[in-house]
$ cat work-v2.tsv   # TSV, C-alpha atoms
chain	number	residue	atom	x	y	z
A	1	MET	CA	13.00	193.10	124.31
A	2	LYS	CA	10.98	191.35	121.58
A	3	LYS	CA	13.06	193.13	118.97
A	4	LEU	CA	16.25	191.89	120.64
A	5	GLN	CA	14.86	188.36	120.80
A	6	SER	CA	13.92	188.50	117.13
A	7	LEU	CA	17.37	189.79	116.25
A	8	PHE	CA	19.03	187.05	118.31
A	9	ILE	CA	16.85	184.35	116.72
A	10	GLY	CA	17.63	185.79	113.29
A	11	ILE	CA	21.37	185.60	113.95
A	12	LEU	CA	21.03	181.98	115.11
A	13	VAL	CA	19.09	181.10	111.95
A	14	ILE	CA	21.77	182.69	109.76
A	15	ILE	CA	24.55	180.80	111.60
A	16	GLY	CA	22.58	177.58	111.22
A	17	VAL	CA	22.07	178.10	107.50
A	18	LEU	CA	25.77	178.89	107.00
A	19	ALA	CA	26.83	175.82	108.96
A	20	LEU	CA	24.45	173.63	106.98
A	21	GLY	CA	25.79	175.09	103.73
A	22	VAL	CA	29.39	174.39	104.74
A	23	HIS	CA	28.44	170.85	105.71
A	24	HIS	CA	26.77	170.19	102.36
A	25	LEU	CA	29.69	171.78	100.51
A	26	GLN	CA	32.17	169.55	102.33
A	27	LYS	CA	29.99	166.51	101.78
A	28	SER	CA	29.53	167.20	98.08
A	29	SER	CA	33.29	167.66	97.61
A	30	GLY	CA	34.11	164.55	99.64
A	31	MET	CA	35.97	166.49	102.34
A	32	SER	CA	34.12	165.56	105.51
A	33	GLY	CA	35.13	163.28	108.34
A	34	ALA	CA	37.74	160.53	108.25
A	35	LYS	CA	37.34	159.99	104.51
A	36	VAL	CA	39.75	162.84	103.79
A	37	LEU	CA	43.43	162.02	103.31
A	38	ASN	CA	45.91	164.91	103.42
A	39	VAL	CA	49.08	164.20	101.45
A	40	TYR	CA	52.07	166.57	101.57
A	41	ASN	CA	54.56	165.76	98.81
A	42	TRP	CA	57.12	167.21	96.44
A	43	GLY	CA	55.69	168.92	93.36
A	44	ASP	CA	54.76	166.60	90.47
A	45	TYR	CA	55.89	163.54	92.45
A	46	ILE	CA	53.00	161.16	91.84
A	47	ASP	CA	51.01	160.16	88.77
A	48	PRO	CA	47.71	162.09	89.11
A	49	ASP	CA	45.88	159.03	87.75
A	50	LEU	CA	47.06	157.08	90.80
A	51	ILE	CA	45.42	159.61	93.11
A	52	LYS	CA	42.15	159.17	91.24
A	53	LYS	CA	42.54	155.39	91.37
A	54	PHE	CA	43.22	155.49	95.11
A	55	GLU	CA	40.20	157.70	95.74
A	56	LYS	CA	38.00	155.34	93.74
A	57	GLU	CA	39.29	152.15	95.37
A	58	TYR	CA	39.30	153.37	98.97
A	59	GLY	CA	36.60	156.03	98.94
A	60	TYR	CA	38.83	158.85	100.18
A	61	LYS	CA	39.06	162.44	99.01
A	62	VAL	CA	42.75	163.27	98.69
A	63	ASN	CA	43.92	166.78	99.52
A	64	TYR	CA	47.30	167.03	97.81
A	65	GLU	CA	49.69	169.84	98.79
A	66	THR	CA	53.28	170.28	97.66
A	67	PHE	CA	56.59	171.57	99.03
A	68	ASP	CA	59.82	172.47	97.25
A	69	SER	CA	62.39	171.53	99.89
A	70	ASN	CA	62.82	169.20	102.85
A	71	GLU	CA	63.41	172.22	105.06
A	72	ALA	CA	60.15	173.92	104.05
A	73	MET	CA	58.23	170.71	104.75
A	74	PHE	CA	59.95	170.27	108.12
A	75	THR	CA	59.23	173.83	109.24
A	76	LYS	CA	55.55	173.62	108.38
A	77	ILE	CA	55.03	170.35	110.23
A	78	GLN	CA	57.15	171.49	113.18
A	79	GLN	CA	55.09	174.65	113.58
A	80	GLY	CA	51.92	172.57	113.89
A	81	GLY	CA	48.48	173.58	112.79
A	82	THR	CA	48.59	171.04	109.96
A	83	ALA	CA	46.83	167.70	109.62
A	84	TYR	CA	48.97	165.99	107.01
A	85	ASP	CA	48.49	162.22	107.09
A	86	ILE	CA	51.36	161.37	104.74
A	87	THR	CA	54.49	163.22	103.74
A	88	ILE	CA	57.56	162.10	101.78
A	89	PRO	CA	60.86	163.50	103.09
A	90	SER	CA	64.40	162.52	102.14
A	91	GLU	CA	66.64	160.32	104.24
A	92	TYR	CA	68.51	162.97	106.26
A	93	MET	CA	65.26	164.78	107.00
A	94	ILE	CA	63.62	161.57	108.19
A	95	GLN	CA	66.49	161.26	110.64
A	96	LYS	CA	65.96	164.83	111.82
A	97	MET	CA	62.18	164.43	112.11
A	98	LYS	CA	62.71	161.31	114.23
A	99	GLU	CA	65.01	163.22	116.56
A	100	GLU	CA	62.45	166.03	116.84
A	101	LYS	CA	59.66	163.48	117.52
A	102	LEU	CA	57.63	164.66	114.54
A	103	LEU	CA	56.86	161.16	113.23
A	104	LEU	CA	54.60	158.34	114.35
A	105	PRO	CA	56.25	154.91	114.62
A	106	LEU	CA	54.85	152.48	112.05
A	107	ASP	CA	52.78	149.44	112.95
A	108	HIS	CA	54.20	146.88	110.51
A	109	SER	CA	51.21	144.59	111.06
A	110	LYS	CA	49.15	147.17	109.14
A	111	ILE	CA	51.55	147.35	106.20
A	112	LYS	CA	51.02	145.02	103.24
A	113	GLY	CA	53.66	144.78	100.54
A	114	LEU	CA	56.85	145.74	102.35
A	115	GLU	CA	58.25	142.42	101.11
A	116	ASN	CA	58.04	143.90	97.59
A	117	ILE	CA	60.84	146.33	98.47
A	118	ASP	CA	64.38	145.25	97.59
A	119	SER	CA	66.22	144.46	100.82
A	120	SER	CA	69.05	146.85	99.86
A	121	PHE	CA	66.62	149.74	100.38
A	122	LEU	CA	65.44	148.59	103.81
A	123	ASN	CA	67.00	148.90	107.26
A	124	LEU	CA	69.25	151.79	106.21
A	125	SER	CA	71.17	153.93	108.67
A	126	PHE	CA	68.70	156.83	108.71
A	127	ASP	CA	65.83	154.54	109.79
A	128	LYS	CA	66.97	151.20	111.17
A	129	GLY	CA	64.27	148.57	110.88
A	130	ASN	CA	62.11	151.01	108.93
A	131	GLN	CA	60.45	151.95	112.19
A	132	TYR	CA	59.20	155.24	110.75
A	133	SER	CA	59.40	155.12	106.96
A	134	VAL	CA	58.61	153.09	103.83
A	135	PRO	CA	60.66	153.53	100.61
A	136	TYR	CA	59.05	155.53	97.82
A	137	PHE	CA	61.75	156.48	95.28
A	138	TRP	CA	65.52	156.66	95.09
A	139	GLY	CA	67.98	158.28	92.73
A	140	THR	CA	71.16	160.23	92.20
A	141	LEU	CA	72.48	163.72	91.56
A	142	GLY	CA	74.38	164.19	88.34
A	143	ILE	CA	75.03	166.20	85.20
A	144	VAL	CA	72.81	166.62	82.14
A	145	TYR	CA	74.55	167.80	78.99
A	146	ASN	CA	73.48	168.56	75.43
A	147	ASP	CA	75.60	166.74	72.82
A	148	LYS	CA	75.06	169.60	70.33
A	149	PHE	CA	77.21	171.82	72.53
A	150	VAL	CA	79.32	169.43	74.62
A	151	ASP	CA	81.38	166.36	73.75
A	152	GLY	CA	80.29	163.58	76.12
A	153	LYS	CA	83.93	162.58	76.64
A	154	ASN	CA	84.45	165.97	78.27
A	155	MET	CA	81.57	165.62	80.72
A	156	GLN	CA	82.37	162.68	82.98
A	157	SER	CA	83.60	164.49	86.09
A	158	TRP	CA	82.49	167.28	88.40
A	159	ASP	CA	85.68	169.08	87.39
A	160	ASP	CA	84.39	169.31	83.82
A	161	LEU	CA	81.89	171.94	85.00
A	162	TRP	CA	84.83	174.33	85.39
A	163	ARG	CA	85.85	174.08	81.71
A	164	PRO	CA	86.32	177.63	80.32
A	165	GLU	CA	84.34	176.82	77.15
A	166	LEU	CA	81.23	176.48	79.35
A	167	LYS	CA	81.18	180.17	80.26
A	168	ASN	CA	77.60	181.21	81.09
A	169	ASN	CA	76.37	177.75	80.10
A	170	VAL	CA	75.94	175.80	83.37
A	171	MET	CA	72.78	175.64	85.46
A	172	LEU	CA	72.98	174.55	89.09
A	173	ILE	CA	70.19	173.07	91.17
A	174	ASP	CA	69.02	175.44	93.89
A	175	GLY	CA	70.10	173.43	96.94
A	176	ALA	CA	72.80	174.00	99.55
A	177	ARG	CA	73.62	170.34	100.12
A	178	GLU	CA	73.79	169.70	96.39
A	179	VAL	CA	76.00	172.62	95.37
A	180	ILE	CA	78.34	172.54	98.37
A	181	GLY	CA	78.35	168.76	97.95
A	182	LEU	CA	79.56	168.82	94.35
A	183	GLY	CA	82.36	171.12	95.47
A	184	LEU	CA	83.31	168.66	98.22
A	185	ASN	CA	83.04	165.65	95.87
A	186	SER	CA	85.25	167.33	93.28
A	187	LEU	CA	87.99	167.52	95.91
A	188	GLY	CA	87.50	163.95	97.08
A	189	TYR	CA	85.76	164.92	100.32
A	190	SER	CA	82.62	163.51	101.89
A	191	LEU	CA	79.22	165.06	101.12
A	192	ASN	CA	78.70	165.12	104.88
A	193	SER	CA	81.93	166.88	105.78
A	194	LYS	CA	82.03	168.81	109.04
A	195	ASN	CA	85.66	169.75	108.48
A	196	ASP	CA	85.86	173.55	108.27
A	197	ALA	CA	89.04	173.47	106.19
A	198	GLN	CA	87.42	171.14	103.65
A	199	LEU	CA	84.31	173.32	103.47
A	200	THR	CA	86.43	176.41	102.93
A	201	ALA	CA	88.39	174.68	100.15
A	202	ALA	CA	85.13	173.57	98.48
A	203	VAL	CA	83.65	177.08	98.57
A	204	ASN	CA	86.88	178.63	97.28
A	205	LYS	CA	86.78	176.23	94.35
A	206	LEU	CA	83.08	176.88	93.72
A	207	ARG	CA	83.76	180.62	93.53
A	208	LYS	CA	85.88	179.88	90.45
A	209	ILE	CA	82.94	178.27	88.67
A	210	THR	CA	80.77	181.39	88.85
A	211	PRO	CA	81.68	182.66	85.31
A	212	ASN	CA	80.20	179.43	83.97
A	213	VAL	CA	76.98	179.58	86.00
A	214	LYS	CA	74.09	180.88	83.98
A	215	ALA	CA	71.51	180.40	86.73
A	216	ILE	CA	70.80	178.66	90.02
A	217	VAL	CA	67.25	177.37	89.69
A	218	ALA	CA	64.93	174.51	90.65
A	219	ASP	CA	62.15	173.05	88.49
A	220	GLU	CA	62.85	175.53	85.69
A	221	ILE	CA	65.96	173.53	84.77
A	222	LYS	CA	63.78	171.03	82.92
A	223	MET	CA	62.33	173.66	80.63
A	224	TYR	CA	65.64	175.44	80.04
A	225	MET	CA	67.48	172.26	79.13
A	226	ALA	CA	64.67	170.90	76.95
A	227	ASN	CA	64.62	174.23	75.09
A	228	GLU	CA	68.43	174.20	74.74
A	229	GLU	CA	68.90	177.43	76.65
A	230	SER	CA	71.93	175.96	78.42
A	231	ALA	CA	74.52	173.35	77.56
A	232	VAL	CA	74.85	171.71	80.98
A	233	ALA	CA	72.88	171.38	84.20
A	234	VAL	CA	73.31	169.77	87.60
A	235	THR	CA	70.09	168.04	88.56
A	236	PHE	CA	68.46	164.92	90.00
A	237	SER	CA	68.11	161.71	88.02
A	238	GLY	CA	64.31	161.80	87.77
A	239	GLU	CA	64.33	165.37	86.50
A	240	ALA	CA	67.00	164.31	84.04
A	241	ALA	CA	64.84	161.43	82.78
A	242	ASP	CA	62.05	163.89	82.07
A	243	MET	CA	64.44	166.16	80.16
A	244	LEU	CA	65.83	163.30	78.09
A	245	GLU	CA	62.32	162.39	76.96
A	246	GLN	CA	61.81	165.92	75.70
A	247	ASN	CA	65.12	166.31	73.85
A	248	GLU	CA	67.09	163.49	72.22
A	249	HIS	CA	70.34	165.47	72.44
A	250	LEU	CA	70.39	165.38	76.25
A	251	HIS	CA	72.32	162.81	78.31
A	252	TYR	CA	72.69	162.14	82.03
A	253	VAL	CA	76.00	161.33	83.72
A	254	ILE	CA	76.87	160.38	87.29
A	255	PRO	CA	80.36	161.90	87.83
A	256	LYS	CA	83.15	159.38	88.30
A	257	GLU	CA	84.24	160.89	91.64
A	258	GLY	CA	80.90	159.90	93.08
A	259	SER	CA	77.74	161.75	94.00
A	260	ASN	CA	74.67	161.77	96.18
A	261	LEU	CA	72.50	158.68	96.54
A	262	TRP	CA	69.18	159.80	97.94
A	263	PHE	CA	66.05	158.11	99.21
A	264	ASP	CA	62.56	159.55	99.63
A	265	ASN	CA	60.32	157.58	101.97
A	266	MET	CA	56.69	157.75	103.06
A	267	VAL	CA	56.14	158.72	106.71
A	268	ILE	CA	53.18	159.53	108.96
A	269	PRO	CA	53.59	162.89	110.76
A	270	LYS	CA	52.60	162.97	114.43
A	271	THR	CA	49.81	165.47	113.63
A	272	ALA	CA	48.05	163.00	111.28
A	273	LYS	CA	44.29	162.68	111.78
A	274	ASN	CA	43.49	159.84	109.38
A	275	ILE	CA	45.86	157.07	110.47
A	276	LYS	CA	43.90	154.31	108.73
A	277	GLY	CA	43.94	156.30	105.50
A	278	ALA	CA	47.70	156.78	105.79
A	279	TYR	CA	48.24	153.01	105.98
A	280	ASP	CA	45.83	152.49	103.08
A	281	PHE	CA	47.87	154.95	101.00
A	282	ILE	CA	51.18	153.27	101.91
A	283	ASN	CA	49.79	149.84	101.03
A	284	PHE	CA	48.35	151.18	97.77
A	285	MET	CA	51.74	152.60	96.72
A	286	LEU	CA	53.47	149.31	97.64
A	287	GLU	CA	51.38	147.40	95.12
A	288	PRO	CA	53.73	146.52	92.23
A	289	LYS	CA	51.41	147.74	89.46
A	290	ASN	CA	50.97	151.11	91.16
A	291	ALA	CA	54.69	151.46	91.95
A	292	ALA	CA	55.57	150.65	88.33
A	293	GLN	CA	53.04	153.13	86.97
A	294	ASN	CA	54.38	155.82	89.29
A	295	ALA	CA	58.01	155.12	88.34
A	296	GLU	CA	57.24	155.26	84.63
A	297	TYR	CA	55.38	158.56	85.05
A	298	ILE	CA	57.91	160.28	87.36
A	299	GLY	CA	61.16	158.88	85.93
A	300	TYR	CA	62.84	158.13	89.25
A	301	ALA	CA	64.05	154.68	90.24
A	302	THR	CA	61.66	152.48	92.19
A	303	PRO	CA	62.87	150.40	95.16
A	304	ASN	CA	60.00	147.97	94.50
A	305	LYS	CA	61.62	144.82	93.07
A	306	GLU	CA	58.27	143.42	91.92
A	307	ALA	CA	57.53	146.66	90.06
A	308	LEU	CA	60.84	146.30	88.21
A	309	LYS	CA	59.51	143.11	86.64
A	310	ILE	CA	56.64	145.08	85.16
A	311	LEU	CA	58.60	148.06	83.85
A	312	PRO	CA	60.07	148.00	80.31
A	313	LYS	CA	63.66	146.72	80.14
A	314	GLU	CA	64.81	149.90	78.41
A	315	ILE	CA	64.05	151.63	81.71
A	316	THR	CA	65.40	149.11	84.22
A	317	GLU	CA	68.55	148.33	82.22
A	318	ASP	CA	69.48	152.00	81.73
A	319	GLU	CA	72.51	152.49	84.00
A	320	GLN	CA	72.05	156.25	83.90
A	321	PHE	CA	69.09	155.75	86.23
A	322	TYR	CA	69.67	152.27	87.64
A	323	PRO	CA	73.46	152.41	88.26
A	324	SER	CA	75.65	149.32	88.36
A	325	ALA	CA	76.69	147.84	91.70
A	326	ASP	CA	80.21	149.14	91.12
A	327	LEU	CA	79.05	152.71	90.59
A	328	MET	CA	76.74	152.50	93.59
A	329	LYS	CA	79.83	152.02	95.77
A	330	HIS	CA	80.91	155.58	94.89
A	331	LEU	CA	77.62	157.15	95.93
A	332	GLU	CA	76.95	158.66	99.35
A	333	VAL	CA	73.77	159.30	101.29
A	334	TYR	CA	73.23	162.67	102.96
A	335	ASP	CA	73.41	162.52	106.76
A	336	ASN	CA	71.57	164.87	109.06
A	337	LEU	CA	74.32	167.42	109.72
A	338	GLY	CA	72.68	168.87	112.81
A	339	SER	CA	71.50	172.45	113.15
A	340	LYS	CA	74.98	173.95	113.44
A	341	TYR	CA	76.43	172.55	110.22
A	342	LEU	CA	73.18	172.70	108.32
A	343	GLY	CA	73.27	176.43	109.06
A	344	ILE	CA	76.89	176.62	107.92
A	345	TYR	CA	76.09	174.88	104.60
A	346	ASN	CA	73.13	177.20	104.04
A	347	ASP	CA	75.22	180.29	104.84
A	348	LEU	CA	78.01	179.19	102.51
A	349	PHE	CA	75.51	178.56	99.73
A	350	LEU	CA	73.94	181.98	100.23
A	351	GLU	CA	77.42	183.50	100.11
A	352	LEU	CA	78.04	181.79	96.78
A	353	LYS	CA	74.78	183.13	95.40
A	354	MET	CA	75.71	186.63	96.49
A	355	TYR	CA	79.22	186.21	95.11
A	356	ARG	CA	77.72	185.57	91.65
A	357	LYS	CA	76.02	188.97	91.77

$ encode --input "work-v2.tsv" --output "structure tokens"
Amino acid sequence: MKKLQSLFIGILVIIGVLALGVHHLQKSSGMSGAKVLNVYNWGDYIDPDLIKKFEKEYGYKVNYETFDSNEAMFTKIQQGGTAYDITIPSEYMIQKMKEEKLLLPLDHSKIKGLENIDSSFLNLSFDKGNQYSVPYFWGTLGIVYNDKFVDGKNMQSWDDLWRPELKNNVMLIDGAREVIGLGLNSLGYSLNSKNDAQLTAAVNKLRKITPNVKAIVADEIKMYMANEESAVAVTFSGEAADMLEQNEHLHYVIPKEGSNLWFDNMVIPKTAKNIKGAYDFINFMLEPKNAAQNAEYIGYATPNKEALKILPKEITEDEQFYPSADLMKHLEVYDNLGSKYLGIYNDLFLELKMYRK
């Protein structure tokens, strides 16, 4: 019996030592209690220096995890088991997350700096009254081309991607809404079409572009275009800005037929544990100096009108990334298509990928 008691006491001592070790490890790394803030964001979508600044000013330890698509983010939060305090989805996904009751409504009395946001980016259809979200970045989808291989006059329209001289020289962004959308846009249809005949026509047209498609990729587009491994790419404006910095021969164009106007906003998932920290982070990112620093680092357009006053004019007056009011009229925001048509878009995109092979 004494041997059993000694063994039992020994086990308890070991458990106690392990627990104490874990506690000290968490404490030393700043990961204990409410002073941890879990942020779930797109890859490379915040200046790392801002995270350090936030940690220093507010005393939090930030756990920063990334996702590569709205759908991946949605699935992970929907499945539960996470404790993300902040995530940054796009407009149509915010609408879907609201419908699925995955977001906490915002207490505007705890938000400081919302008045810094240009009114044209508030109270939009996907979140009336900004009940659930606060603007983070906005931008467009367009075409990057290299003037060593392509005459800029011949790259002003989606239809120019089908030019025979671009055989095996076009890179497409790896996204169903984006690729199916450019097919729809090129035919004068809405990016949010639920018309089966229009979708069929768009896919039939996209099949004809396959000889020109060198690859369908995501973040790798930046490297390929900077290294001049392709003449043309379809990508987002912020990614394009990064490419243009790396290679002076690259240019960004928003096709004349129109394109996608997107918004990424900060939200608080319903599984958040550190609500106070989430509001602190939102308020921190609404500060004009921080918003300007983030915009200059990332390359996307900021909705913060006070931050625009801080940014260099060569950035804010560049219509490639801050389009004119007239061009903005030709841009369209993605709607939440619903599960049925989202599935159809995904299936059609997969079919196109398989068709290339």

$ atom_distance --input "work-v2.tsv" --atom1 "atom CA of A:Asp264" --atom2 "atom CA of A:Met93"
9.4 Å

$ closest_residue --input "work-v2.tsv" --among "A:Ala215, A:Met97, A:Ala202, A:Leu342" --to "A:Gly183" --atoms "only C-alpha atoms"
A:Ala202

$ closest_residue --input "work-v2.tsv" --among "A:Leu102, A:Leu172, A:Ala292, A:Val217" --to "A:Thr75" --atoms "only C-alpha atoms"
A:Leu102

$ residues_around --input "work-v2.tsv" --residues "A:Ile88" --least-positions-apart "3" --cutoff "10 Å" --atoms "all atoms listed in the file" --output "PDB file with C-alpha atoms, in the coordinates of the input"
ATOM      1  CA  VAL A  39      49.080 164.200 101.450  1.00  0.00           C
ATOM      2  CA  TYR A  40      52.070 166.570 101.570  1.00  0.00           C
ATOM      3  CA  ASN A  41      54.560 165.760  98.810  1.00  0.00           C
ATOM      4  CA  TRP A  42      57.120 167.210  96.440  1.00  0.00           C
ATOM      5  CA  TYR A  45      55.890 163.540  92.450  1.00  0.00           C
ATOM      6  CA  PHE A  67      56.590 171.570  99.030  1.00  0.00           C
ATOM      7  CA  ASN A  70      62.820 169.200 102.850  1.00  0.00           C
ATOM      8  CA  MET A  73      58.230 170.710 104.750  1.00  0.00           C
ATOM      9  CA  GLU A  91      66.640 160.320 104.240  1.00  0.00           C
ATOM     10  CA  MET A  93      65.260 164.780 107.000  1.00  0.00           C
ATOM     11  CA  ILE A  94      63.620 161.570 108.190  1.00  0.00           C
ATOM     12  CA  SER A 133      59.400 155.120 106.960  1.00  0.00           C
ATOM     13  CA  VAL A 134      58.610 153.090 103.830  1.00  0.00           C
ATOM     14  CA  PRO A 135      60.660 153.530 100.610  1.00  0.00           C
ATOM     15  CA  TYR A 136      59.050 155.530  97.820  1.00  0.00           C
ATOM     16  CA  PHE A 137      61.750 156.480  95.280  1.00  0.00           C
ATOM     17  CA  PHE A 263      66.050 158.110  99.210  1.00  0.00           C
ATOM     18  CA  ASP A 264      62.560 159.550  99.630  1.00  0.00           C
ATOM     19  CA  ASN A 265      60.320 157.580 101.970  1.00  0.00           C
ATOM     20  CA  MET A 266      56.690 157.750 103.060  1.00  0.00           C
ATOM     21  CA  VAL A 267      56.140 158.720 106.710  1.00  0.00           C
ATOM     22  CA  ILE A 268      53.180 159.530 108.960  1.00  0.00           C
ATOM     23  CA  PRO A 269      53.590 162.890 110.760  1.00  0.00           C
TER      24      PRO A 269
END

$ residues_around --input "work-v2.tsv" --residues "A:Gln95" --least-positions-apart "6" --cutoff "9 Å" --atoms "all atoms listed in the file" --output "list in words"
Ser125, Phe126, Asp127, Asp335 and Asn336 of chain A

$ closest_residue --input "work-v2.tsv" --among "A:Ile282, A:Met243, A:Leu352, A:Ala218" --to "A:Leu106" --atoms "only C-alpha atoms"
A:Ile282

$ closest_residue --input "work-v2.tsv" --among "A:Ile216, A:Leu182, A:Ala226, A:Val234" --to "A:Glu248" --atoms "all atoms listed in the file"
A:Ala226

$ closest_residue --input "work-v2.tsv" --among "A:Tyr145, A:Ser190, A:Leu37, A:Ile46" --to "A:Asn247" --atoms "all atoms listed in the file"
A:Tyr145

$ residues_near_point --input "work-v2.tsv" --point "(42.9, 172.6, 111.1)" --cutoff "12 Å" --atoms "only C-alpha atoms" --output "PyMOL selection string"
chain A and resi 38+80-84+271-273

$ closest_residue --input "work-v2.tsv" --among "A:Leu331, A:Asn346, A:Lys98, A:Ile86" --to "A:Val62" --atoms "only C-alpha atoms"
A:Ile86

$ build_atoms --input "work-v2.tsv" --residues "stretch 283-296 of chain A" --atoms "N, CA, C and O atoms" --output "PDB file, in the frame of the given file"
ATOM      1  N   ASN A 283      50.011 151.160 101.616  1.00  0.00           N
ATOM      2  CA  ASN A 283      49.790 149.840 101.030  1.00  0.00           C
ATOM      3  C   ASN A 283      49.457 149.934  99.539  1.00  0.00           C
ATOM      4  O   ASN A 283      49.902 149.106  98.730  1.00  0.00           O
ATOM      5  N   PHE A 284      48.703 150.956  99.170  1.00  0.00           N
ATOM      6  CA  PHE A 284      48.350 151.180  97.770  1.00  0.00           C
ATOM      7  C   PHE A 284      49.609 151.430  96.937  1.00  0.00           C
ATOM      8  O   PHE A 284      49.779 150.878  95.849  1.00  0.00           O
ATOM      9  N   MET A 285      50.522 152.268  97.454  1.00  0.00           N
ATOM     10  CA  MET A 285      51.740 152.600  96.720  1.00  0.00           C
ATOM     11  C   MET A 285      52.741 151.445  96.710  1.00  0.00           C
ATOM     12  O   MET A 285      53.652 151.419  95.875  1.00  0.00           O
ATOM     13  N   LEU A 286      52.589 150.480  97.617  1.00  0.00           N
ATOM     14  CA  LEU A 286      53.470 149.310  97.640  1.00  0.00           C
ATOM     15  C   LEU A 286      53.036 148.245  96.635  1.00  0.00           C
ATOM     16  O   LEU A 286      53.800 147.311  96.350  1.00  0.00           O
ATOM     17  N   GLU A 287      51.835 148.361  96.113  1.00  0.00           N
ATOM     18  CA  GLU A 287      51.380 147.400  95.120  1.00  0.00           C
ATOM     19  C   GLU A 287      52.236 147.541  93.861  1.00  0.00           C
ATOM     20  O   GLU A 287      52.407 148.659  93.340  1.00  0.00           O
ATOM     21  N   PRO A 288      52.795 146.440  93.358  1.00  0.00           N
ATOM     22  CA  PRO A 288      53.730 146.520  92.230  1.00  0.00           C
ATOM     23  C   PRO A 288      53.207 147.270  91.011  1.00  0.00           C
ATOM     24  O   PRO A 288      53.944 148.076  90.421  1.00  0.00           O
ATOM     25  N   LYS A 289      51.953 147.046  90.635  1.00  0.00           N
ATOM     26  CA  LYS A 289      51.410 147.740  89.460  1.00  0.00           C
ATOM     27  C   LYS A 289      51.382 149.249  89.673  1.00  0.00           C
ATOM     28  O   LYS A 289      51.686 150.014  88.755  1.00  0.00           O
ATOM     29  N   ASN A 290      51.026 149.676  90.873  1.00  0.00           N
ATOM     30  CA  ASN A 290      50.970 151.110  91.160  1.00  0.00           C
ATOM     31  C   ASN A 290      52.366 151.707  91.238  1.00  0.00           C
ATOM     32  O   ASN A 290      52.605 152.817  90.750  1.00  0.00           O
ATOM     33  N   ALA A 291      53.303 150.978  91.853  1.00  0.00           N
ATOM     34  CA  ALA A 291      54.690 151.460  91.950  1.00  0.00           C
ATOM     35  C   ALA A 291      55.314 151.580  90.567  1.00  0.00           C
ATOM     36  O   ALA A 291      56.046 152.533  90.285  1.00  0.00           O
ATOM     37  N   ALA A 292      55.022 150.607  89.692  1.00  0.00           N
ATOM     38  CA  ALA A 292      55.570 150.650  88.330  1.00  0.00           C
ATOM     39  C   ALA A 292      54.991 151.811  87.548  1.00  0.00           C
ATOM     40  O   ALA A 292      55.718 152.533  86.844  1.00  0.00           O
ATOM     41  N   GLN A 293      53.689 152.012  87.672  1.00  0.00           N
ATOM     42  CA  GLN A 293      53.040 153.130  86.970  1.00  0.00           C
ATOM     43  C   GLN A 293      53.615 154.455  87.438  1.00  0.00           C
ATOM     44  O   GLN A 293      53.880 155.358  86.623  1.00  0.00           O
ATOM     45  N   ASN A 294      53.837 154.582  88.739  1.00  0.00           N
ATOM     46  CA  ASN A 294      54.380 155.820  89.290  1.00  0.00           C
ATOM     47  C   ASN A 294      55.803 156.063  88.801  1.00  0.00           C
ATOM     48  O   ASN A 294      56.177 157.180  88.441  1.00  0.00           O
ATOM     49  N   ALA A 295      56.612 154.997  88.775  1.00  0.00           N
ATOM     50  CA  ALA A 295      58.010 155.120  88.340  1.00  0.00           C
ATOM     51  C   ALA A 295      58.096 155.509  86.868  1.00  0.00           C
ATOM     52  O   ALA A 295      58.941 156.321  86.475  1.00  0.00           O
ATOM     53  N   GLU A 296      57.214 154.939  86.050  1.00  0.00           N
ATOM     54  CA  GLU A 296      57.240 155.260  84.630  1.00  0.00           C
ATOM     55  C   GLU A 296      56.810 156.700  84.392  1.00  0.00           C
ATOM     56  O   GLU A 296      57.336 157.387  83.514  1.00  0.00           O
TER      57      GLU A 296
END
